[in-house]
file model12.pdb (PDB, C-alpha atoms and all ligand atoms)
ATOM      1  CA  MET A   1      22.827   4.287  -6.188
ATOM      2  CA  LEU A   2      22.725   7.287  -3.886
ATOM      3  CA  VAL A   3      21.673   6.764  -0.279
ATOM      4  CA  ALA A   4      20.058   9.944   1.089
ATOM      5  CA  THR A   5      18.949  10.470   4.651
ATOM      6  CA  THR A   6      18.039  14.159   4.426
ATOM      7  CA  ILE A   7      15.383  16.022   2.465
ATOM      8  CA  LYS A   8      18.041  18.524   1.361
ATOM      9  CA  GLU A   9      20.124  15.784  -0.319
ATOM     10  CA  VAL A  10      17.111  14.486  -2.245
ATOM     11  CA  LYS A  11      16.064  17.968  -3.331
ATOM     12  CA  GLU A  12      19.566  18.785  -4.579
ATOM     13  CA  GLN A  13      19.672  15.621  -6.675
ATOM     14  CA  VAL A  14      16.138  16.200  -7.986
ATOM     15  CA  ARG A  15      17.041  19.784  -8.979
ATOM     16  CA  GLN A  16      19.954  18.418 -11.013
ATOM     17  CA  TRP A  17      17.800  15.780 -12.755
ATOM     18  CA  LYS A  18      15.088  18.334 -13.518
ATOM     19  CA  LYS A  19      17.729  20.666 -15.020
ATOM     20  CA  GLU A  20      18.724  17.794 -17.346
ATOM     21  CA  GLY A  21      15.056  17.304 -18.334
ATOM     22  CA  LEU A  22      14.857  13.797 -16.832
ATOM     23  CA  THR A  23      11.636  12.173 -15.638
ATOM     24  CA  ILE A  24      11.424  10.793 -12.098
ATOM     25  CA  GLY A  25       9.499   7.785 -10.767
ATOM     26  CA  LEU A  26       8.859   7.397  -7.036
ATOM     27  CA  VAL A  27       8.191   4.121  -5.209
ATOM     28  CA  PRO A  28       7.072   4.917  -1.645
ATOM     29  CA  THR A  29       7.755   2.010   0.745
ATOM     30  CA  MET A  30       8.196   1.272   4.422
ATOM     31  CA  GLY A  31      11.150  -0.990   3.650
ATOM     32  CA  TYR A  32      11.607  -4.705   4.305
ATOM     33  CA  LEU A  33      11.223  -5.017   0.576
ATOM     34  CA  HIS A  34       9.836  -8.130  -1.108
ATOM     35  CA  GLU A  35       8.850  -9.148  -4.636
ATOM     36  CA  GLY A  36       5.734  -6.967  -4.473
ATOM     37  CA  HIS A  37       7.940  -3.882  -4.024
ATOM     38  CA  ALA A  38      10.368  -5.236  -6.631
ATOM     39  CA  SER A  39       7.551  -5.307  -9.202
ATOM     40  CA  LEU A  40       6.827  -1.619  -8.514
ATOM     41  CA  ILE A  41      10.508  -0.674  -8.775
ATOM     42  CA  LYS A  42      10.940  -2.629 -12.033
ATOM     43  CA  ARG A  43       7.980  -0.839 -13.574
ATOM     44  CA  ALA A  44       9.244   2.542 -12.350
ATOM     45  CA  VAL A  45      12.675   1.823 -13.874
ATOM     46  CA  LEU A  46      11.030   0.967 -17.217
ATOM     47  CA  GLU A  47       8.864   4.095 -17.325
ATOM     48  CA  ASN A  48      11.170   6.818 -15.937
ATOM     49  CA  ASP A  49      14.681   8.177 -16.487
ATOM     50  CA  ARG A  50      15.419   8.173 -12.753
ATOM     51  CA  VAL A  51      13.874   6.224  -9.860
ATOM     52  CA  ILE A  52      13.651   7.147  -6.180
ATOM     53  CA  VAL A  53      12.601   4.550  -3.593
ATOM     54  CA  SER A  54      11.627   5.927  -0.200
ATOM     55  CA  ASP A  55      12.271   3.542   2.686
ATOM     56  CA  PHE A  56      10.595   5.003   5.749
ATOM     57  CA  VAL A  57       8.448   3.420   8.457
ATOM     58  CA  ASN A  58       6.029   6.305   8.823
ATOM     59  CA  PRO A  59       5.126   6.620  12.530
ATOM     60  CA  ILE A  60       2.028   8.764  12.004
ATOM     61  CA  GLN A  61       0.139   6.054  10.102
ATOM     62  CA  PHE A  62       0.306   3.606  13.037
ATOM     63  CA  GLY A  63      -2.318   3.645  15.791
ATOM     64  CA  PRO A  64      -1.186   3.533  19.448
ATOM     65  CA  LYS A  65      -1.815  -0.233  19.702
ATOM     66  CA  GLU A  66      -0.323  -1.118  16.303
ATOM     67  CA  ASP A  67       3.045  -2.610  15.331
ATOM     68  CA  LEU A  68       5.247   0.479  14.825
ATOM     69  CA  GLY A  69       7.875  -0.817  17.281
ATOM     70  CA  THR A  70       8.046  -4.308  15.808
ATOM     71  CA  TYR A  71       7.568  -3.481  12.111
ATOM     72  CA  PRO A  72      10.272  -5.536  10.317
ATOM     73  CA  ARG A  73      13.310  -3.640   9.013
ATOM     74  CA  ASP A  74      16.414  -4.630   7.015
ATOM     75  CA  PHE A  75      17.914  -1.578   5.364
ATOM     76  CA  ASP A  76      21.024  -3.368   4.032
ATOM     77  CA  ALA A  77      18.897  -5.936   2.194
ATOM     78  CA  ASP A  78      16.638  -3.131   0.906
ATOM     79  CA  CYS A  79      19.669  -1.260  -0.476
ATOM     80  CA  LYS A  80      20.906  -4.364  -2.266
ATOM     81  CA  LEU A  81      17.535  -5.082  -3.863
ATOM     82  CA  CYS A  82      17.045  -1.452  -4.926
ATOM     83  CA  SER A  83      20.535  -1.200  -6.355
ATOM     84  CA  ASP A  84      20.193  -4.526  -8.236
ATOM     85  CA  LEU A  85      16.953  -3.307  -9.807
ATOM     86  CA  GLY A  86      18.429  -0.028 -11.040
ATOM     87  CA  THR A  87      17.143   2.435  -8.424
ATOM     88  CA  ASP A  88      19.021   5.749  -8.597
ATOM     89  CA  LEU A  89      18.345   7.030  -5.098
ATOM     90  CA  ILE A  90      17.048   5.466  -1.900
ATOM     91  CA  PHE A  91      15.670   7.925   0.651
ATOM     92  CA  HIS A  92      15.908   6.645   4.213
ATOM     93  CA  PRO A  93      15.168   9.494   6.632
ATOM     94  CA  GLU A  94      14.872   9.399  10.414
ATOM     95  CA  PRO A  95      11.376  10.265  11.708
ATOM     96  CA  SER A  96      12.815  13.563  13.053
ATOM     97  CA  GLU A  97      13.866  14.511   9.500
ATOM     98  CA  MET A  98      10.273  14.103   8.277
ATOM     99  CA  TYR A  99       8.462  15.470  11.327
ATOM    100  CA  ALA A 100       9.771  18.519  13.166
ATOM    101  CA  PRO A 101       8.799  18.669  16.852
ATOM    102  CA  ASP A 102       6.305  21.455  15.959
ATOM    103  CA  PHE A 103       4.832  19.612  12.933
ATOM    104  CA  HIS A 104       1.113  20.481  12.684
ATOM    105  CA  SER A 105       0.012  19.923   9.076
ATOM    106  CA  TYR A 106      -1.940  16.878   7.932
ATOM    107  CA  VAL A 107      -3.599  15.799   4.695
ATOM    108  CA  GLY A 108      -6.788  13.712   4.688
ATOM    109  CA  VAL A 109      -9.366  12.349   2.281
ATOM    110  CA  ASP A 110     -12.749  11.939   3.938
ATOM    111  CA  THR A 111     -15.445   9.325   3.108
ATOM    112  CA  LEU A 112     -13.013   6.905   1.438
ATOM    113  CA  SER A 113     -10.768   6.861   4.531
ATOM    114  CA  THR A 114     -13.466   5.902   7.018
ATOM    115  CA  GLU A 115     -14.573   2.699   5.216
ATOM    116  CA  LEU A 116     -12.977  -0.796   5.226
ATOM    117  CA  CYS A 117      -9.628  -0.597   7.088
ATOM    118  CA  GLY A 118     -10.492   2.967   8.194
ATOM    119  CA  LYS A 119     -13.062   1.556  10.635
ATOM    120  CA  SER A 120     -10.447  -0.226  12.740
ATOM    121  CA  ARG A 121      -7.540   2.091  11.792
ATOM    122  CA  PRO A 122      -9.058   5.581  12.161
ATOM    123  CA  ILE A 123      -5.852   7.642  11.802
ATOM    124  CA  HIS A 124      -4.099   5.403   9.290
ATOM    125  CA  PHE A 125      -5.021   7.000   5.974
ATOM    126  CA  ASN A 126      -4.434  10.574   7.150
ATOM    127  CA  GLY A 127      -0.938   9.437   8.125
ATOM    128  CA  VAL A 128      -0.484   7.845   4.696
ATOM    129  CA  CYS A 129      -1.799  10.905   2.806
ATOM    130  CA  THR A 130       0.410  13.222   4.828
ATOM    131  CA  VAL A 131       3.640  11.285   4.278
ATOM    132  CA  VAL A 132       2.850  10.598   0.631
ATOM    133  CA  SER A 133       2.181  14.328   0.040
ATOM    134  CA  LYS A 134       5.544  15.148   1.608
ATOM    135  CA  LEU A 135       7.276  12.518  -0.561
ATOM    136  CA  PHE A 136       5.588  13.852  -3.709
ATOM    137  CA  ASN A 137       6.799  17.380  -2.883
ATOM    138  CA  ILE A 138      10.319  16.288  -1.944
ATOM    139  CA  SER A 139      10.804  14.046  -5.000
ATOM    140  CA  GLU A 140       8.908  16.176  -7.563
ATOM    141  CA  ALA A 141       8.221  12.801  -9.205
ATOM    142  CA  ASP A 142       6.314  12.535 -12.481
ATOM    143  CA  ARG A 143       4.869   9.150 -11.496
ATOM    144  CA  ALA A 144       4.412   7.235  -8.240
ATOM    145  CA  TYR A 145       3.838   3.479  -7.985
ATOM    146  CA  PHE A 146       1.464   1.768  -5.531
ATOM    147  CA  GLY A 147       0.393  -1.875  -5.231
ATOM    148  CA  GLN A 148      -3.226  -2.965  -5.585
ATOM    149  CA  LYS A 149      -2.700  -5.132  -2.491
ATOM    150  CA  ASP A 150      -3.488  -1.945  -0.529
ATOM    151  CA  ALA A 151      -6.458  -1.146  -2.765
ATOM    152  CA  GLN A 152      -8.039   1.346  -0.368
ATOM    153  CA  GLN A 153      -4.731   3.211  -0.077
ATOM    154  CA  LEU A 154      -4.448   3.274  -3.876
ATOM    155  CA  ALA A 155      -7.988   4.684  -4.252
ATOM    156  CA  ILE A 156      -7.374   7.315  -1.562
ATOM    157  CA  VAL A 157      -4.028   8.462  -2.968
ATOM    158  CA  LYS A 158      -5.534   8.728  -6.466
ATOM    159  CA  ARG A 159      -8.411  10.805  -5.103
ATOM    160  CA  MET A 160      -6.067  13.064  -3.112
ATOM    161  CA  VAL A 161      -3.962  13.684  -6.231
ATOM    162  CA  ARG A 162      -7.055  14.524  -8.273
ATOM    163  CA  ASP A 163      -8.748  16.658  -5.613
ATOM    164  CA  LEU A 164      -5.654  18.625  -4.600
ATOM    165  CA  ASN A 165      -4.195  18.924  -8.146
ATOM    166  CA  PHE A 166      -0.874  17.242  -7.417
ATOM    167  CA  ASN A 167       1.242  17.208 -10.550
ATOM    168  CA  ILE A 168       1.900  13.465 -10.513
ATOM    169  CA  GLU A 169       0.494  10.318 -12.149
ATOM    170  CA  ILE A 170      -0.442   7.473  -9.792
ATOM    171  CA  VAL A 171       0.282   4.046 -11.270
ATOM    172  CA  GLY A 172      -1.515   1.077  -9.664
ATOM    173  CA  CYS A 173       0.279  -2.278 -10.014
ATOM    174  CA  PRO A 174      -1.076  -5.853  -9.645
ATOM    175  CA  ILE A 175      -0.887  -7.883  -6.439
ATOM    176  CA  ILE A 176       2.142 -10.189  -6.311
ATOM    177  CA  ARG A 177       1.454 -13.545  -4.654
ATOM    178  CA  GLU A 178       3.391 -16.451  -3.186
ATOM    179  CA  ASN A 179       3.085 -19.750  -5.126
ATOM    180  CA  ASP A 180       0.209 -20.829  -2.867
ATOM    181  CA  GLY A 181      -1.715 -17.579  -3.451
ATOM    182  CA  LEU A 182      -0.925 -15.607  -0.278
ATOM    183  CA  ALA A 183      -0.454 -11.933  -1.186
ATOM    184  CA  LYS A 184       3.125 -10.799  -0.506
ATOM    185  CA  SER A 185       3.398  -8.515   2.506
ATOM    186  CA  SER A 186       6.149  -7.473   4.887
ATOM    187  CA  ARG A 187       3.798  -8.504   7.712
ATOM    188  CA  ASN A 188       3.721 -12.152   6.498
ATOM    189  CA  THR A 189       6.921 -12.576   8.517
ATOM    190  CA  TYR A 190       4.784 -12.316  11.699
ATOM    191  CA  LEU A 191       3.041 -15.607  10.816
ATOM    192  CA  SER A 192       4.018 -18.834  12.594
ATOM    193  CA  LYS A 193       4.585 -21.874  10.359
ATOM    194  CA  GLU A 194       1.056 -23.128  11.031
ATOM    195  CA  ALA A 195      -0.572 -19.699  10.569
ATOM    196  CA  ARG A 196       1.370 -19.194   7.334
ATOM    197  CA  GLU A 197      -0.163 -22.419   5.953
ATOM    198  CA  LYS A 198      -3.676 -21.429   7.054
ATOM    199  CA  ALA A 199      -3.326 -17.896   5.652
ATOM    200  CA  THR A 200      -3.945 -19.192   2.119
ATOM    201  CA  ILE A 201      -7.640 -19.293   3.067
ATOM    202  CA  LEU A 202      -7.935 -15.566   2.180
ATOM    203  CA  HIS A 203      -6.957 -16.110  -1.435
ATOM    204  CA  LYS A 204      -9.029 -19.302  -1.736
ATOM    205  CA  ALA A 205     -12.114 -17.475  -0.480
ATOM    206  CA  LEU A 206     -11.525 -14.465  -2.743
ATOM    207  CA  GLU A 207     -11.013 -16.708  -5.771
ATOM    208  CA  LYS A 208     -14.445 -18.206  -5.164
ATOM    209  CA  GLY A 209     -15.977 -14.722  -4.728
ATOM    210  CA  GLU A 210     -14.327 -13.418  -7.884
ATOM    211  CA  ALA A 211     -15.557 -16.416  -9.892
ATOM    212  CA  MET A 212     -19.103 -15.688  -8.686
ATOM    213  CA  VAL A 213     -18.903 -12.024  -9.740
ATOM    214  CA  ARG A 214     -17.293 -12.806 -13.084
ATOM    215  CA  SER A 215     -19.987 -15.377 -13.856
ATOM    216  CA  GLY A 216     -22.667 -12.737 -13.327
ATOM    217  CA  GLU A 217     -23.672 -12.791  -9.638
ATOM    218  CA  LYS A 218     -25.286  -9.406  -8.895
ATOM    219  CA  ASP A 219     -26.125  -9.948  -5.220
ATOM    220  CA  ALA A 220     -23.167  -8.578  -3.227
ATOM    221  CA  ASN A 221     -24.432 -10.156   0.000
ATOM    222  CA  LYS A 222     -24.267 -13.632  -1.548
ATOM    223  CA  VAL A 223     -20.642 -12.976  -2.530
ATOM    224  CA  VAL A 224     -19.839 -11.737   0.991
ATOM    225  CA  SER A 225     -21.521 -14.805   2.563
ATOM    226  CA  SER A 226     -19.682 -17.224   0.336
ATOM    227  CA  ILE A 227     -16.288 -15.615   1.094
ATOM    228  CA  SER A 228     -17.056 -15.382   4.844
ATOM    229  CA  ASN A 229     -18.153 -19.038   5.032
ATOM    230  CA  ILE A 230     -14.918 -20.234   3.468
ATOM    231  CA  ILE A 231     -12.792 -18.080   5.782
ATOM    232  CA  GLU A 232     -14.792 -19.137   8.848
ATOM    233  CA  SER A 233     -14.170 -22.794   7.995
ATOM    234  CA  GLU A 234     -10.610 -22.144   9.190
ATOM    235  CA  PRO A 235     -10.540 -22.158  13.026
ATOM    236  CA  LEU A 236      -7.402 -19.941  13.212
ATOM    237  CA  ALA A 237      -9.099 -17.205  11.151
ATOM    238  CA  LYS A 238     -11.072 -14.297  12.664
ATOM    239  CA  ILE A 239     -12.759 -11.934  10.213
ATOM    240  CA  ASP A 240     -12.324  -8.181  10.713
ATOM    241  CA  TYR A 241     -14.372  -7.432   7.588
ATOM    242  CA  VAL A 242     -15.481  -8.915   4.270
ATOM    243  CA  GLU A 243     -17.061  -6.245   2.071
ATOM    244  CA  VAL A 244     -18.101  -5.483  -1.473
ATOM    245  CA  VAL A 245     -17.853  -1.717  -2.117
ATOM    246  CA  ASP A 246     -18.128   0.426  -5.216
ATOM    247  CA  TRP A 247     -14.671   1.084  -6.696
ATOM    248  CA  ASN A 248     -15.133   4.820  -6.686
ATOM    249  CA  GLU A 249     -16.430   5.984  -3.307
ATOM    250  CA  LEU A 250     -15.683   2.717  -1.457
ATOM    251  CA  GLN A 251     -19.254   2.598  -0.121
ATOM    252  CA  LYS A 252     -20.868  -0.742   0.700
ATOM    253  CA  THR A 253     -23.082  -1.960  -2.108
ATOM    254  CA  ASP A 254     -25.853  -4.570  -2.170
ATOM    255  CA  VAL A 255     -26.088  -4.805  -5.948
ATOM    256  CA  ILE A 256     -23.142  -5.378  -8.250
ATOM    257  CA  ASP A 257     -23.865  -3.139 -11.221
ATOM    258  CA  GLY A 258     -20.567  -1.300 -11.773
ATOM    259  CA  PRO A 259     -16.871  -1.478 -10.866
ATOM    260  CA  ILE A 260     -16.442  -3.064  -7.424
ATOM    261  CA  LEU A 261     -13.727  -3.762  -4.897
ATOM    262  CA  THR A 262     -14.160  -6.863  -2.756
ATOM    263  CA  ALA A 263     -11.844  -6.567   0.210
ATOM    264  CA  VAL A 264     -11.135  -8.671   3.285
ATOM    265  CA  ALA A 265      -9.192  -8.146   6.491
ATOM    266  CA  VAL A 266      -8.679 -11.280   8.544
ATOM    267  CA  TYR A 267      -6.692 -12.115  11.662
ATOM    268  CA  ILE A 268      -4.868 -15.409  11.289
ATOM    269  CA  ASP A 269      -3.657 -16.313  14.747
ATOM    270  CA  ASN A 270      -3.719 -12.570  15.663
ATOM    271  CA  VAL A 271      -1.812 -11.406  12.559
ATOM    272  CA  ARG A 272      -4.004  -9.026  10.524
ATOM    273  CA  LEU A 273      -3.851  -9.729   6.778
ATOM    274  CA  ILE A 274      -5.639  -7.951   3.938
ATOM    275  CA  ASP A 275      -6.395  -9.017   0.370
ATOM    276  CA  ASN A 276      -8.854  -8.109  -2.359
ATOM    277  CA  PHE A 277      -9.998  -8.324  -5.954
ATOM    278  CA  ILE A 278     -11.318  -5.595  -8.223
ATOM    279  CA  VAL A 279     -13.805  -6.153 -11.036
ATOM    280  CA  GLU A 280     -13.853  -3.055 -13.225
TER     281      GLU A 280
HETATM  282  O1  LIG B   1       2.085   1.119   1.526
HETATM  283  C1  LIG B   1       3.009   1.497   2.281
HETATM  284  O2  LIG B   1       4.032   0.844   2.434
HETATM  285  C2  LIG B   1       2.846   2.812   3.031
HETATM  286  O3  LIG B   1       1.533   3.004   3.440
HETATM  287  C3  LIG B   1       3.380   4.028   2.248
HETATM  288  C4  LIG B   1       2.575   4.268   0.987
HETATM  289  C5  LIG B   1       4.843   3.819   1.897
HETATM  290  C6  LIG B   1       3.274   5.277   3.107
HETATM  291  O4  LIG B   1       4.022   5.172   4.273
END

call {"tool": "encode", "arguments": {"input": "model12.pdb", "output": "C-alpha cells", "more": "lines below"}}
Ligand code: PAF
result
Amino acid sequence: MLVATTIKEVKEQVRQWKKEGLTIGLVPTMGYLHEGHASLIKRAVLENDRVIVSDFVNPIQFGPKEDLGTYPRDFDADCKLCSDLGTDLIFHPEPSEMYAPDFHSYVGVDTLSTELCGKSRPIHFNGVCTVVSKLFNISEADRAYFGQKDAQQLAIVKRMVRDLNFNIEIVGCPIIRENDGLAKSSRNTYLSKEAREKATILHKALEKGEAMVRSGEKDANKVVSSISNIIESEPLAKIDYVEVVDWNELQKTDVIDGPILTAVAVYIDNVRLIDNFIVE
C-alpha cells in the first residue's frame, strides 16, 4: 500500500492507473477508522480495480467551538487496517497541502445543508462539499463510498454530484452498529463508561419509530413524539433534534406519504451523537 502525503503523488499514481484502464474507488474518511469505515473499504475493494482511502481531518468542516483539536487520530492503526483490507493508496495530507494560505474557493449545496445538523452546524456541509470535491478531482475516482450513518451528508454529496455533473458514482452503505445497537462512530470514544451504556437509547428509540412507520403510521408528529419520549426517559440525554424529513429535499414533513429520513441528534453527557433510519 502506498502512503501519499501530497496531491502530486496521488495524481501521479492515478495517471498511471488510468493509463492501464483501471477503475478507482475512493473512501473519504477523517481517520480513526472503525468497522463502519472497514465496510466501506471492503465494498470499494470488491467493486474497483484500485482503492484510495483519504485520511484527513478536514479543518474547514468544524465550527469554531467544535472538536477539531481533540478529534481522535491514530494514523498507524489506520494504515494497518487499510493495508489489511486491500487498500492500494492511503492519502494523508497536512491541512496546508489541501488549503493554500490564499485558498478562497468553496462548494455548497443550499436548502439541504441548512436543515437537521445544518441548523447547529452552519458551515459544516460547505466544508464537507469543498473537501469532497477536491478529493474527487485529485483521485479521479469512478465511485466514492459514504455511510448512511451521516445520511444528510450522503444526500448532500449525491445532490452536489448530480447538480455539478461530477463524473463519479456515489455509493451509500448501511450503518454498522455495535452489538447493543449504537451506531459506530469515531466520536463514540468521547463517551464515559456510563454515557456509553446510556447511548443505546438512540437506537432503541429509532427502532420504535421505524416499527411505527413500517406498520403504516402516516402522522410524522406521532413518530417524532414517540422517539422523543423514549430519548427523554434517559436523564443523561439532551435532544438537539428529532425530525422526520422527506428523503429528497430534507424538508420537515407532517405526513408520511413518500420516502422519508428520520434523523436524531442527541447529546449524551455532552457528547453529540447522530443516528437515523430511512424508509424508501
Ligand atoms: O464523513 C466524514 O468522515 C467526513 O465528513 C468526510 C466525508 C471524510 C469529509 O471530510

call {"tool": "closest_residue", "arguments": {"input": "model12.pdb", "among": "A:Ile278, A:Val161, A:Leu40, A:Ala237", "to": "Ser133 (chain A)", "atoms": "all atoms listed in the file"}}
result
A:Val161

call {"tool": "residues_around", "arguments": {"input": "model12.pdb", "residues": "Glu194 (chain A)", "least_positions_apart": "3", "cutoff": "12 Å", "atoms": "all atoms listed in the file", "output": "number ranges by chain"}}
result
A: 190-191, 197-200, 234-237, 268-269

call {"tool": "closest_atom_pairs", "arguments": {"input": "model12.pdb", "of": "chain A", "to": "ligand LIG 1 (chain B)", "cutoff": "9 Å", "atoms": "all atoms listed in the file", "output": "CSV"}}
result
residue,atom,partner,partner_atom,distance
A:Val27,CA,B:LIG1,C5,7.9
A:Pro28,CA,B:LIG1,C5,4.3
A:Thr29,CA,B:LIG1,C5,3.6
A:Met30,CA,B:LIG1,O2,4.6
A:Gly31,CA,B:LIG1,O2,7.5
A:His37,CA,B:LIG1,O2,8.9
A:Ser54,CA,B:LIG1,C5,7.4
A:Asp55,CA,B:LIG1,C5,7.5
A:Phe56,CA,B:LIG1,O4,6.7
A:Val57,CA,B:LIG1,O4,6.3
A:Asn58,CA,B:LIG1,O4,5.1
A:Pro59,CA,B:LIG1,O4,8.5
A:Ile60,CA,B:LIG1,O4,8.8
A:Gln61,CA,B:LIG1,O4,7.1
A:His124,CA,B:LIG1,O3,8.5
A:Phe125,CA,B:LIG1,O3,8.1
A:Gly127,CA,B:LIG1,O4,7.6
A:Val128,CA,B:LIG1,C6,4.8
A:Cys129,CA,B:LIG1,C6,7.6
A:Thr130,CA,B:LIG1,C6,8.6
A:Val131,CA,B:LIG1,O4,6.1
A:Val132,CA,B:LIG1,C6,5.9
A:Phe146,CA,B:LIG1,C4,7.1
A:Gly147,CA,B:LIG1,O1,7.6
A:Lys149,CA,B:LIG1,O1,8.8
A:Asp150,CA,B:LIG1,O1,6.7
A:Gln153,CA,B:LIG1,O3,7.2
A:Leu154,CA,B:LIG1,C4,8.6
A:Val157,CA,B:LIG1,C4,8.8
A:Ser186,CA,B:LIG1,O2,8.9

call {"tool": "resolve_selection", "arguments": {"input": "model12.pdb", "expression": "the PyMOL selection byres (((chain A and resi 175) around 6) and not hetatm)", "output": "list in words"}}
result
Gln148, Lys149, Pro174 and Ile176 of chain A

call {"tool": "atom_distance", "arguments": {"input": "model12.pdb", "atom1": "CA of Glu140 (chain A)", "atom2": "CA of Gln16 (chain A)"}}
result
11.8 Å

call {"tool": "residues_around", "arguments": {"input": "model12.pdb", "residues": "region 43-46 of chain A", "least_positions_apart": "6", "cutoff": "9 Å", "atoms": "only C-alpha atoms", "output": "PyMOL selection string"}}
result
chain A and resi 24-27+52+85-87+143-145+173

call {"tool": "atom_distance", "arguments": {"input": "model12.pdb", "atom1": "CA of Phe277 (chain A)", "atom2": "CA of Ile231 (chain A)"}}
result
15.5 Å

call {"tool": "closest_residue", "arguments": {"input": "model12.pdb", "among": "A:Lys119, A:Lys19, A:Lys8, A:His34", "to": "Phe91 (chain A)", "atoms": "only C-alpha atoms"}}
result
A:Lys8

call {"tool": "residues_around", "arguments": {"input": "model12.pdb", "residues": "Lys238 (chain A)", "least_positions_apart": "6", "cutoff": "10 Å", "atoms": "all atoms listed in the file", "output": "PyMOL selection string"}}
result
chain A and resi 228+231-232+265-272

call {"tool": "residues_near_point", "arguments": {"input": "model12.pdb", "point": "(-22.8, -4.7, -2.5)", "cutoff": "9 Å", "atoms": "only C-alpha atoms", "output": "count of residues only"}}
result
19

call {"tool": "residues_near_point", "arguments": {"input": "model12.pdb", "point": "(-3.2, 5.9, -8.7)", "cutoff": "6 Å", "atoms": "all atoms listed in the file", "output": "number ranges by chain"}}
result
A: 154, 158, 170-172

call {"tool": "atom_distance", "arguments": {"input": "model12.pdb", "atom1": "CA of His203 (chain A)", "atom2": "CA of Gly63 (chain A)"}}
result
26.6 Å

call {"tool": "resolve_selection", "arguments": {"input": "model12.pdb", "expression": "the PyMOL selection byres (((chain A and resi 75) around 9) and not hetatm)", "output": "number ranges by chain"}}
result
A: 31-33, 55, 73-74, 76-80, 92

call {"tool": "closest_residue", "arguments": {"input": "model12.pdb", "among": "A:Val109, A:Ala141, A:Ala100, A:Val3", "to": "Glu249 (chain A)", "atoms": "only C-alpha atoms"}}
result
A:Val109

call {"tool": "closest_residue", "arguments": {"input": "model12.pdb", "among": "A:Ser233, A:Ser83, A:Ser226, A:Asn165", "to": "Lys208 (chain A)", "atoms": "only C-alpha atoms"}}
result
A:Ser226

call {"tool": "resolve_selection", "arguments": {"input": "model12.pdb", "expression": "the PyMOL selection byres (((chain A and resi 259) around 6) and not hetatm)", "output": "count of residues only"}}
result
5

call {"tool": "closest_residue", "arguments": {"input": "model12.pdb", "among": "A:Leu202, A:Met212, A:Ala183, A:Val107", "to": "Met160 (chain A)", "atoms": "all atoms listed in the file"}}
result
A:Val107

call {"tool": "closest_residue", "arguments": {"input": "model12.pdb", "among": "A:Cys82, A:Ile7, A:Leu2, A:Ile274", "to": "Leu206 (chain A)", "atoms": "all atoms listed in the file"}}
result
A:Ile274

call {"tool": "build_atoms", "arguments": {"input": "model12.pdb", "residues": "region 79-90 of chain A", "atoms": "N, CA and C atoms", "output": "PDB file, keeping the file's coordinate frame"}}
result
ATOM      1  N   CYS A  79      18.713  -1.964   0.398  1.00  0.00           N
ATOM      2  CA  CYS A  79      19.669  -1.260  -0.476  1.00  0.00           C
ATOM      3  C   CYS A  79      20.130  -2.172  -1.604  1.00  0.00           C
ATOM      4  N   LYS A  80      20.405  -3.428  -1.250  1.00  0.00           N
ATOM      5  CA  LYS A  80      20.906  -4.364  -2.266  1.00  0.00           C
ATOM      6  C   LYS A  80      19.841  -4.583  -3.348  1.00  0.00           C
ATOM      7  N   LEU A  81      18.617  -4.842  -2.899  1.00  0.00           N
ATOM      8  CA  LEU A  81      17.535  -5.082  -3.863  1.00  0.00           C
ATOM      9  C   LEU A  81      17.333  -3.859  -4.764  1.00  0.00           C
ATOM     10  N   CYS A  82      17.281  -2.684  -4.148  1.00  0.00           N
ATOM     11  CA  CYS A  82      17.045  -1.452  -4.926  1.00  0.00           C
ATOM     12  C   CYS A  82      18.163  -1.242  -5.935  1.00  0.00           C
ATOM     13  N   SER A  83      19.386  -1.416  -5.483  1.00  0.00           N
ATOM     14  CA  SER A  83      20.535  -1.200  -6.355  1.00  0.00           C
ATOM     15  C   SER A  83      20.516  -2.217  -7.514  1.00  0.00           C
ATOM     16  N   ASP A  84      20.244  -3.488  -7.183  1.00  0.00           N
ATOM     17  CA  ASP A  84      20.193  -4.526  -8.236  1.00  0.00           C
ATOM     18  C   ASP A  84      19.133  -4.211  -9.291  1.00  0.00           C
ATOM     19  N   LEU A  85      18.056  -3.558  -8.870  1.00  0.00           N
ATOM     20  CA  LEU A  85      16.953  -3.307  -9.807  1.00  0.00           C
ATOM     21  C   LEU A  85      17.116  -1.996 -10.580  1.00  0.00           C
ATOM     22  N   GLY A  86      18.176  -1.242 -10.263  1.00  0.00           N
ATOM     23  CA  GLY A  86      18.429  -0.028 -11.040  1.00  0.00           C
ATOM     24  C   GLY A  86      17.863   1.249 -10.430  1.00  0.00           C
ATOM     25  N   THR A  87      17.578   1.219  -9.124  1.00  0.00           N
ATOM     26  CA  THR A  87      17.143   2.435  -8.424  1.00  0.00           C
ATOM     27  C   THR A  87      18.294   3.445  -8.428  1.00  0.00           C
ATOM     28  N   ASP A  88      17.972   4.722  -8.586  1.00  0.00           N
ATOM     29  CA  ASP A  88      19.021   5.749  -8.597  1.00  0.00           C
ATOM     30  C   ASP A  88      19.261   6.347  -7.226  1.00  0.00           C
ATOM     31  N   LEU A  89      18.196   6.418  -6.423  1.00  0.00           N
ATOM     32  CA  LEU A  89      18.345   7.030  -5.098  1.00  0.00           C
ATOM     33  C   LEU A  89      17.400   6.356  -4.119  1.00  0.00           C
ATOM     34  N   ILE A  90      17.912   5.982  -2.969  1.00  0.00           N
ATOM     35  CA  ILE A  90      17.048   5.466  -1.900  1.00  0.00           C
ATOM     36  C   ILE A  90      17.038   6.506  -0.791  1.00  0.00           C
TER      37      ILE A  90
END
